[in-house]
Amino acid sequence: MRRIVLGVGVMAVAALAGSGLRPVAAGVDPAKPEFYTESVKPILVAHCAMCHLGANHRGGLSLDTKAAMMKGGRDGAVIVAGDPAKSMLLTLIRHEGPADNPKPMPPNEKLSDADIATVTQWIQAGAAMPDDPATP
Ligand code: HEC
C-alpha cells in the first residue's frame, strides 16, 4: 500500500517539476513525519536525486533512507535534528558553506527561498521522517 502511494507521489513530483510547481502540504505540522513525505522529500527528489538517490551517493551521501540520511556523508552527519545551525546540509543548500569540498548544494543551482525555508523548518522541528521499512 505504502509503495503504491509513494509511486504516485513520485510521478506527481516528476510532472510538477517541469512546471516549476511542487505540492504544498498546507497545515502539516513540521514535527510530523508526513511533513517530510509531503513537503521535504519532493524537494530532495527534484533537486538532489541525480547525485544522492538510488545508485548515486556522491560525497558518500545517500538520501534514500532515514538511516542513510542520519548517517550522513564522507564528512559525517549532515543533519542535526533540532539544530539548523549545526546541520551541514542546510549550510550547503544556503550556499553559505565552503566554495569547495564540499561545495554548495546543489552544485549548479540554488533552491528557492521557500524550499530552503521548508527544509530548515523540518530540521528545526526535529527532522522527523517515516521509519525505514524493515530490511529482510
Ligand atoms: C550534480 C550532482 C549533485 C547534486 C544535484 C547534489 N549534490 Fe550534494 N554532493 C555532490 C558531490 C559531488 C558531493 C561531494 C562533495 C563535493 O564534491 O563538493 C556532494 C556532497 C554533499 C553533501 C556533503 C556530504 C559530506 O559528508 O561531505 C551534502 C550534505 C549534500 N551533498 C547535499 C545535497 C543536497 C541536499 C542536494 C539537493 C538539494 C544535493 N546535495 C544535490 C553532488 C551533488
# chains A, B, ... in the order shown; residues from 1 in each chain; ligands from 1
$ residues_near_ligand --ligand "ligand 1" --cutoff "6 Å" --atoms "only C-alpha atoms and all ligand atoms" --output "PyMOL selection string"
chain A and resi 44+47-48+50-51+58-59+61+72-76+78+88-89+100-103+105-107
$ atom_distance --atom1 "atom CA of A:Pro33" --atom2 "atom CA of A:Ser112"
22.3 Å
$ closest_residue --among "A:Thr65, A:Ile43, A:Gly126, A:Asp131" --to "A:Asp113" --atoms "only C-alpha atoms"
A:Ile43
$ select_by_dssp --residues "stretch 19-129 of chain A" --states "helix (DSSP H, G or I)" --output "PyMOL selection string"
chain A and resi 19+33-47+49-52+58-60+66-71+84-86+88-93+113-124
$ write_last_selection --atoms "N, CA and C atoms" --output "compact mmCIF listing (two decimals), in the first residue's frame"
# COMPACT_ATOMS: atom_id res chain seq x y z
N SER A 19 6.86 21.99 -14.43
CA SER A 19 6.10 23.24 -14.42
C SER A 19 6.65 24.21 -13.37
N PRO A 33 6.14 13.16 10.70
CA PRO A 33 6.80 12.52 9.57
C PRO A 33 6.15 12.87 8.22
N GLU A 34 4.86 13.14 8.24
CA GLU A 34 4.16 13.48 6.99
C GLU A 34 4.73 14.76 6.37
N PHE A 35 5.24 15.65 7.19
CA PHE A 35 5.81 16.89 6.66
C PHE A 35 7.00 16.56 5.76
N TYR A 36 7.82 15.60 6.22
CA TYR A 36 8.94 15.17 5.39
C TYR A 36 8.42 14.60 4.08
N THR A 37 7.48 13.65 4.18
CA THR A 37 7.00 12.94 3.00
C THR A 37 6.35 13.89 1.99
N GLU A 38 5.56 14.84 2.52
CA GLU A 38 4.77 15.67 1.61
C GLU A 38 5.49 16.95 1.17
N SER A 39 6.38 17.46 2.01
CA SER A 39 6.99 18.76 1.68
C SER A 39 8.49 18.71 1.43
N VAL A 40 9.21 17.91 2.21
CA VAL A 40 10.68 17.92 2.10
C VAL A 40 11.16 16.95 1.03
N LYS A 41 10.63 15.73 1.07
CA LYS A 41 11.10 14.72 0.12
C LYS A 41 10.95 15.16 -1.35
N PRO A 42 9.82 15.78 -1.71
CA PRO A 42 9.71 16.23 -3.12
C PRO A 42 10.83 17.18 -3.53
N ILE A 43 11.31 17.99 -2.60
CA ILE A 43 12.42 18.92 -2.90
C ILE A 43 13.68 18.12 -3.18
N LEU A 44 13.95 17.11 -2.32
CA LEU A 44 15.15 16.30 -2.49
C LEU A 44 15.08 15.49 -3.78
N VAL A 45 13.89 14.95 -4.07
CA VAL A 45 13.73 14.15 -5.28
C VAL A 45 13.96 15.03 -6.52
N ALA A 46 13.44 16.24 -6.48
CA ALA A 46 13.56 17.11 -7.65
C ALA A 46 14.98 17.66 -7.84
N HIS A 47 15.70 17.90 -6.74
CA HIS A 47 16.97 18.64 -6.86
C HIS A 47 18.22 17.87 -6.46
N ALA A 49 18.28 14.11 -6.46
CA ALA A 49 18.20 12.69 -6.83
C ALA A 49 19.34 12.24 -7.72
N MET A 50 19.68 13.06 -8.71
CA MET A 50 20.68 12.60 -9.70
C MET A 50 22.04 12.34 -9.07
N CYS A 51 22.27 12.87 -7.88
CA CYS A 51 23.57 12.65 -7.23
C CYS A 51 23.49 11.97 -5.87
N HIS A 52 22.29 11.90 -5.27
CA HIS A 52 22.21 11.35 -3.92
C HIS A 52 21.09 10.34 -3.71
N ARG A 58 27.02 10.60 -4.16
CA ARG A 58 28.17 11.50 -4.28
C ARG A 58 28.53 12.03 -2.90
N GLY A 59 29.81 12.19 -2.68
CA GLY A 59 30.27 12.65 -1.37
C GLY A 59 29.96 11.65 -0.27
N GLY A 60 29.65 10.40 -0.65
CA GLY A 60 29.32 9.38 0.33
C GLY A 60 27.93 9.54 0.92
N LYS A 66 16.07 6.86 5.90
CA LYS A 66 16.29 7.61 7.13
C LYS A 66 17.69 7.29 7.69
N ALA A 67 18.01 5.99 7.71
CA ALA A 67 19.32 5.58 8.25
C ALA A 67 20.45 6.25 7.48
N ALA A 68 20.35 6.26 6.16
CA ALA A 68 21.41 6.85 5.34
C ALA A 68 21.48 8.36 5.54
N MET A 69 20.34 9.01 5.63
CA MET A 69 20.33 10.46 5.81
C MET A 69 20.95 10.85 7.14
N MET A 70 20.61 10.07 8.20
CA MET A 70 21.13 10.42 9.51
C MET A 70 22.62 10.06 9.65
N LYS A 71 23.04 9.06 8.88
CA LYS A 71 24.47 8.70 8.92
C LYS A 71 25.31 9.81 8.27
N PRO A 84 19.41 23.59 13.24
CA PRO A 84 19.74 24.01 11.87
C PRO A 84 21.16 24.54 11.72
N ALA A 85 21.65 25.26 12.73
CA ALA A 85 22.98 25.87 12.62
C ALA A 85 24.08 24.83 12.52
N LYS A 86 23.85 23.65 13.09
CA LYS A 86 24.88 22.60 13.06
C LYS A 86 24.65 21.60 11.93
N MET A 88 25.02 20.49 8.39
CA MET A 88 25.80 20.84 7.20
C MET A 88 24.94 20.90 5.95
N LEU A 89 23.92 20.03 5.90
CA LEU A 89 23.05 20.03 4.73
C LEU A 89 22.44 21.42 4.50
N LEU A 90 22.07 22.09 5.59
CA LEU A 90 21.49 23.43 5.45
C LEU A 90 22.52 24.46 5.05
N THR A 91 23.69 24.39 5.65
CA THR A 91 24.76 25.33 5.29
C THR A 91 25.02 25.24 3.79
N LEU A 92 25.03 24.00 3.28
CA LEU A 92 25.34 23.81 1.86
C LEU A 92 24.20 24.29 0.96
N ILE A 93 22.94 24.00 1.33
CA ILE A 93 21.86 24.44 0.42
C ILE A 93 21.63 25.95 0.52
N ASP A 113 14.04 30.24 -1.99
CA ASP A 113 14.00 30.58 -0.57
C ASP A 113 12.91 29.76 0.14
N ALA A 114 11.80 29.53 -0.56
CA ALA A 114 10.70 28.77 0.04
C ALA A 114 11.13 27.33 0.33
N ASP A 115 11.86 26.73 -0.61
CA ASP A 115 12.32 25.36 -0.41
C ASP A 115 13.33 25.30 0.74
N ILE A 116 14.24 26.26 0.79
CA ILE A 116 15.23 26.29 1.87
C ILE A 116 14.52 26.45 3.21
N ALA A 117 13.50 27.31 3.24
CA ALA A 117 12.74 27.52 4.48
C ALA A 117 12.04 26.22 4.91
N THR A 118 11.52 25.47 3.96
CA THR A 118 10.83 24.21 4.27
C THR A 118 11.79 23.21 4.89
N VAL A 119 12.98 23.07 4.29
CA VAL A 119 13.96 22.11 4.82
C VAL A 119 14.44 22.56 6.20
N THR A 120 14.63 23.87 6.37
CA THR A 120 15.07 24.42 7.65
C THR A 120 14.04 24.14 8.75
N GLN A 121 12.78 24.39 8.41
CA GLN A 121 11.67 24.18 9.36
C GLN A 121 11.63 22.71 9.80
N TRP A 122 11.84 21.83 8.85
CA TRP A 122 11.78 20.39 9.13
C TRP A 122 12.91 19.98 10.09
N ILE A 123 14.11 20.48 9.85
CA ILE A 123 15.23 20.12 10.73
C ILE A 123 15.04 20.76 12.10
N GLN A 124 14.61 22.02 12.11
CA GLN A 124 14.35 22.73 13.36
C GLN A 124 13.34 21.96 14.24
$ atom_distance --atom1 "atom CA of A:Ala134" --atom2 "atom CA of A:Gly82"
25.5 Å
$ atom_distance --atom1 "atom CA of A:Pro98" --atom2 "atom CA of A:Val80"
18.7 Å
